[in-house]
Amino acid sequence: MNVASRGFERPSSLPDFSAYVQLIDSFFSILAEMGLWDFVMYFWPFFVIDFVRYTVLDGIGVLRYLYKWRMQNGDNGPRTEARRQLHSEYPLVTVIIPGKDEGPNLGPLIDSLHQQTYANLEIIIIDDGSEDRTPEIGRRLEEEGRIDRFLRQRVRGGKASAANTGLRWANGKFIVHIDADSYLRDDAIEKSLIPFCIEERVGAIGGIFGPQTPRRTSRRGHRRSST
């Protein structure tokens, strides 16, 4: 079956690739007839110059990366010191979750928050005028102690309005804003907080989200540290 678009004109002539095919065939024929010594003598500039050059350059690049990684993540690196400082001070982090008609997504998100390596979290869900079971699910999560607070806006005001509502109830030193249909890796919040400990001028950071399948986790009550 042939399919063509209207207005498409068949080219009067097609390019002739036979010369290129013959050239490639000739090249491989020469290689097949070469002995090992002829092959080495023919390509010795590559082995002596190019291969060594690129190997050395790649090696230097790898060593430089490893050195930089070691300086950043070693026992006395800035990220390690920042992580120690973070867990020593252990500031409260408020997680604000605004959403509309996101009831089915709340459970996996809350599970991922309870799996975080940084556990001093205050979790607030804000329902932005949902028409599904979001209010029922949110209140149940609050009653079970899996979140700290569930807030409901009966009239939809938009994500910014819902986030500002949650912000008025927040008690944390740091605020994490997450969409209700997201799912975080176990160390996402800890890694997000480390830059604040490394550089005092940091005021906000952003993250890159990609598709990920939530893991099944057991339900457990949300406990907030008293520190």
# chains A, B, ... in the order shown; residues from 1 in each chain; ligands from 1
>>> residues_around(residues="Ile110 of chain A", least_positions_apart="2", cutoff="9 Å", atoms="only C-alpha atoms", output="list in words")
Asn105, Leu106, Gly107, Pro108, Ser112, Leu113, His114, Gln115, Ile123, Leu141, Arg146, Ile147 and Tyr183 of chain A
>>> select_by_dssp(residues="segment 24-225 of chain A", states="strand (DSSP E)", output="MDAnalysis selection string")
chainID A and resid 93:99 121:128 149:153 174:177
>>> write_last_selection(atoms="N, CA, C and O atoms", output="CSV table (one decimal), in the first residue's frame")
chain,number,residue,atom,x,y,z
A,93,VAL,N,10.2,20.9,59.2
A,93,VAL,CA,10.0,21.1,57.8
A,93,VAL,C,8.5,20.9,57.6
A,93,VAL,O,8.0,19.8,57.8
A,94,THR,N,7.8,22.0,57.1
A,94,THR,CA,6.4,21.8,56.7
A,94,THR,C,6.2,21.5,55.3
A,94,THR,O,6.8,22.1,54.4
A,95,VAL,N,5.5,20.4,55.0
A,95,VAL,CA,5.2,20.0,53.7
A,95,VAL,C,3.8,20.4,53.3
A,95,VAL,O,2.8,19.9,54.0
A,96,ILE,N,3.6,21.2,52.4
A,96,ILE,CA,2.3,21.7,51.9
A,96,ILE,C,1.9,21.0,50.7
A,96,ILE,O,2.7,21.0,49.7
A,97,ILE,N,0.7,20.4,50.7
A,97,ILE,CA,0.2,19.6,49.5
A,97,ILE,C,-1.1,20.2,49.1
A,97,ILE,O,-2.2,19.7,49.6
A,98,PRO,N,-1.2,21.1,48.2
A,98,PRO,CA,-2.5,21.6,47.6
A,98,PRO,C,-2.9,20.7,46.5
A,98,PRO,O,-2.1,20.1,45.8
A,99,GLY,N,-4.2,20.6,46.3
A,99,GLY,CA,-4.7,19.7,45.2
A,99,GLY,C,-6.2,19.7,45.1
A,99,GLY,O,-6.9,20.0,46.0
A,121,LEU,N,8.9,16.2,60.0
A,121,LEU,CA,8.0,16.8,59.0
A,121,LEU,C,6.7,17.2,59.6
A,121,LEU,O,6.1,16.4,60.5
A,122,GLU,N,6.1,18.3,59.2
A,122,GLU,CA,4.7,18.7,59.4
A,122,GLU,C,4.0,18.6,58.1
A,122,GLU,O,4.4,19.3,57.2
A,123,ILE,N,3.0,17.7,57.9
A,123,ILE,CA,2.4,17.5,56.7
A,123,ILE,C,1.0,18.1,56.7
A,123,ILE,O,0.2,17.8,57.5
A,124,ILE,N,0.7,19.0,55.7
A,124,ILE,CA,-0.5,19.7,55.6
A,124,ILE,C,-1.1,19.5,54.2
A,124,ILE,O,-0.4,19.8,53.2
A,125,ILE,N,-2.3,19.0,54.1
A,125,ILE,CA,-3.0,18.8,52.8
A,125,ILE,C,-4.1,19.9,52.7
A,125,ILE,O,-4.8,20.1,53.7
A,126,ILE,N,-4.1,20.5,51.6
A,126,ILE,CA,-5.2,21.5,51.3
A,126,ILE,C,-6.0,21.1,50.1
A,126,ILE,O,-5.5,21.0,49.0
A,127,ASP,N,-7.3,20.9,50.4
A,127,ASP,CA,-8.2,20.5,49.3
A,127,ASP,C,-8.8,21.8,48.7
A,127,ASP,O,-9.4,22.6,49.4
A,128,ASP,N,-8.6,21.9,47.4
A,128,ASP,CA,-9.0,23.1,46.7
A,128,ASP,C,-10.3,22.9,46.0
A,128,ASP,O,-10.4,22.8,44.7
A,149,ARG,N,-2.4,18.0,59.4
A,149,ARG,CA,-3.6,18.9,59.3
A,149,ARG,C,-4.2,18.7,57.9
A,149,ARG,O,-3.5,18.6,56.9
A,150,PHE,N,-5.5,18.7,57.8
A,150,PHE,CA,-6.3,18.7,56.6
A,150,PHE,C,-7.1,19.9,56.5
A,150,PHE,O,-7.9,20.2,57.4
A,151,LEU,N,-6.9,20.7,55.5
A,151,LEU,CA,-7.7,22.0,55.3
A,151,LEU,C,-8.5,21.9,54.0
A,151,LEU,O,-8.1,21.2,53.0
A,152,ARG,N,-9.7,22.5,54.0
A,152,ARG,CA,-10.6,22.4,52.8
A,152,ARG,C,-11.1,23.7,52.4
A,152,ARG,O,-11.6,24.5,53.3
A,153,GLN,N,-10.9,24.1,51.2
A,153,GLN,CA,-11.5,25.3,50.6
A,153,GLN,C,-12.7,24.8,49.8
A,153,GLN,O,-12.5,24.1,48.7
A,174,PHE,N,11.4,25.5,57.3
A,174,PHE,CA,11.5,25.3,55.9
A,174,PHE,C,10.1,24.9,55.4
A,174,PHE,O,9.4,24.1,56.1
A,175,ILE,N,9.8,25.3,54.2
A,175,ILE,CA,8.5,25.0,53.6
A,175,ILE,C,8.8,24.2,52.3
A,175,ILE,O,9.6,24.6,51.4
A,176,VAL,N,8.2,23.0,52.2
A,176,VAL,CA,8.3,22.2,51.0
A,176,VAL,C,6.9,22.1,50.3
A,176,VAL,O,5.9,21.7,51.0
A,177,HIS,N,6.9,22.6,49.1
A,177,HIS,CA,5.6,22.6,48.3
A,177,HIS,C,5.6,21.4,47.3
A,177,HIS,O,6.5,21.3,46.5
>>> select_by_dssp(residues="segment 140-176 of chain A", states="helix (DSSP H, G or I)", output="PDB file with C-alpha atoms, in the first residue's frame")
ATOM      1  CA  ARG A 140      -9.163   9.980  57.400  1.00  0.00           C
ATOM      2  CA  LEU A 141      -5.431  10.580  57.003  1.00  0.00           C
ATOM      3  CA  GLU A 142      -5.651  13.290  59.659  1.00  0.00           C
ATOM      4  CA  GLU A 143      -7.625  11.064  62.040  1.00  0.00           C
ATOM      5  CA  LYS A 159      -3.150  26.125  43.474  1.00  0.00           C
ATOM      6  CA  ALA A 160      -1.581  29.383  44.678  1.00  0.00           C
ATOM      7  CA  SER A 161      -4.590  30.166  46.866  1.00  0.00           C
ATOM      8  CA  ALA A 162      -4.551  26.671  48.377  1.00  0.00           C
ATOM      9  CA  ALA A 163      -0.799  26.855  48.995  1.00  0.00           C
ATOM     10  CA  ASN A 164      -1.166  30.214  50.743  1.00  0.00           C
ATOM     11  CA  THR A 165      -3.895  28.738  52.938  1.00  0.00           C
ATOM     12  CA  GLY A 166      -1.527  25.971  53.992  1.00  0.00           C
ATOM     13  CA  LEU A 167       1.284  28.454  54.518  1.00  0.00           C
ATOM     14  CA  ARG A 168      -0.785  30.348  57.096  1.00  0.00           C
ATOM     15  CA  TRP A 169      -0.946  27.173  59.197  1.00  0.00           C
TER      16      TRP A 169
END
>>> atom_distance(atom1="atom CA of Asp186 of chain A", atom2="atom CA of Pro135 of chain A")
26.6 Å
>>> residues_around(residues="segment 188-203 of chain A", least_positions_apart="3", cutoff="8 Å", atoms="only C-alpha atoms", output="VMD selection string")
chain A and resid 78 to 79 82 to 83 85 to 86 116 to 118 184 to 185 207
>>> atom_distance(atom1="atom CA of Val48 of chain A", atom2="atom CA of Leu63 of chain A")
22.3 Å
>>> atom_distance(atom1="atom CA of Gly77 of chain A", atom2="atom CA of Glu89 of chain A")
18.4 Å
>>> closest_residue(among="A:Asp187, A:Asp132, A:Ile137, A:Leu92", to="Lys173 of chain A", atoms="only C-alpha atoms")
A:Leu92
>>> decode(residues="segment 49-62 of chain A", atoms="all heavy atoms", output="compact mmCIF listing (two decimals), in the first residue's frame")
# COMPACT_ATOMS: atom_id res chain seq x y z
N ILE A 49 49.00 7.58 18.69
CA ILE A 49 48.66 8.98 18.98
C ILE A 49 47.23 9.13 19.50
O ILE A 49 47.00 9.50 20.65
CB ILE A 49 48.87 9.86 17.73
CG1 ILE A 49 50.34 9.76 17.26
CG2 ILE A 49 48.49 11.30 18.02
CD1 ILE A 49 50.60 10.50 15.97
N ASP A 50 46.26 8.81 18.64
CA ASP A 50 44.87 9.07 19.01
C ASP A 50 44.40 8.23 20.19
O ASP A 50 43.77 8.75 21.12
CB ASP A 50 43.95 8.82 17.80
CG ASP A 50 44.15 9.86 16.72
OD1 ASP A 50 44.70 10.93 17.04
OD2 ASP A 50 43.77 9.61 15.56
N PHE A 51 44.68 6.94 20.16
CA PHE A 51 44.22 6.07 21.24
C PHE A 51 44.79 6.51 22.58
O PHE A 51 44.08 6.63 23.58
CB PHE A 51 44.60 4.62 20.95
CG PHE A 51 44.16 3.66 22.01
CD1 PHE A 51 42.85 3.25 22.10
CD2 PHE A 51 45.08 3.18 22.94
CE1 PHE A 51 42.45 2.38 23.09
CE2 PHE A 51 44.69 2.30 23.93
CZ PHE A 51 43.37 1.89 24.00
N VAL A 52 46.11 6.79 22.60
CA VAL A 52 46.75 7.22 23.84
C VAL A 52 46.20 8.58 24.28
O VAL A 52 45.92 8.81 25.46
CB VAL A 52 48.27 7.28 23.66
CG1 VAL A 52 48.94 7.86 24.91
CG2 VAL A 52 48.82 5.89 23.37
N ARG A 53 46.03 9.48 23.29
CA ARG A 53 45.56 10.82 23.63
C ARG A 53 44.18 10.78 24.28
O ARG A 53 43.96 11.36 25.34
CB ARG A 53 45.53 11.69 22.38
CG ARG A 53 45.01 13.11 22.64
CD ARG A 53 45.04 13.93 21.37
NE ARG A 53 44.16 13.36 20.35
CZ ARG A 53 44.02 13.86 19.14
NH1 ARG A 53 44.73 14.92 18.78
NH2 ARG A 53 43.19 13.30 18.27
N TYR A 54 43.25 10.08 23.65
CA TYR A 54 41.89 10.05 24.18
C TYR A 54 41.81 9.25 25.48
O TYR A 54 41.02 9.56 26.37
CB TYR A 54 40.93 9.48 23.14
CG TYR A 54 40.69 10.43 21.99
CD1 TYR A 54 41.07 10.11 20.70
CD2 TYR A 54 40.09 11.67 22.22
CE1 TYR A 54 40.86 10.99 19.65
CE2 TYR A 54 39.87 12.55 21.17
CZ TYR A 54 40.26 12.21 19.89
OH TYR A 54 40.05 13.09 18.87
N THR A 55 42.64 8.22 25.60
CA THR A 55 42.66 7.45 26.84
C THR A 55 43.15 8.31 27.99
O THR A 55 42.57 8.31 29.09
CB THR A 55 43.55 6.21 26.69
OG1 THR A 55 43.06 5.40 25.63
CG2 THR A 55 43.56 5.41 27.98
N VAL A 56 44.20 9.08 27.76
CA VAL A 56 44.73 9.95 28.80
C VAL A 56 43.72 11.03 29.17
O VAL A 56 43.48 11.31 30.34
CB VAL A 56 46.07 10.58 28.35
CG1 VAL A 56 46.51 11.66 29.34
CG2 VAL A 56 47.14 9.51 28.22
N LEU A 57 43.11 11.64 28.15
CA LEU A 57 42.13 12.70 28.43
C LEU A 57 40.93 12.16 29.20
O LEU A 57 40.45 12.79 30.16
CB LEU A 57 41.67 13.33 27.11
CG LEU A 57 42.70 14.19 26.37
CD1 LEU A 57 42.13 14.68 25.05
CD2 LEU A 57 43.14 15.37 27.23
N ASP A 58 40.43 11.00 28.79
CA ASP A 58 39.31 10.39 29.52
C ASP A 58 39.71 10.04 30.94
O ASP A 58 38.93 10.22 31.89
CB ASP A 58 38.81 9.14 28.79
CG ASP A 58 38.12 9.49 27.48
OD1 ASP A 58 37.76 10.67 27.31
OD2 ASP A 58 37.95 8.58 26.64
N GLY A 59 40.93 9.52 31.09
CA GLY A 59 41.40 9.18 32.43
C GLY A 59 41.50 10.40 33.33
O GLY A 59 41.11 10.36 34.50
N ILE A 60 42.00 11.49 32.78
CA ILE A 60 42.09 12.73 33.56
C ILE A 60 40.69 13.22 33.94
O ILE A 60 40.46 13.67 35.07
CB ILE A 60 42.84 13.81 32.75
CG1 ILE A 60 44.31 13.41 32.59
CG2 ILE A 60 42.73 15.17 33.44
CD1 ILE A 60 45.10 14.36 31.70
N GLY A 61 39.74 13.11 33.01
CA GLY A 61 38.38 13.53 33.31
C GLY A 61 37.75 12.71 34.42
O GLY A 61 37.10 13.25 35.31
N VAL A 62 37.98 11.39 34.38
CA VAL A 62 37.43 10.52 35.42
C VAL A 62 38.06 10.82 36.77
O VAL A 62 37.38 10.91 37.80
CB VAL A 62 37.64 9.04 35.04
CG1 VAL A 62 37.29 8.13 36.21
CG2 VAL A 62 36.80 8.68 33.82
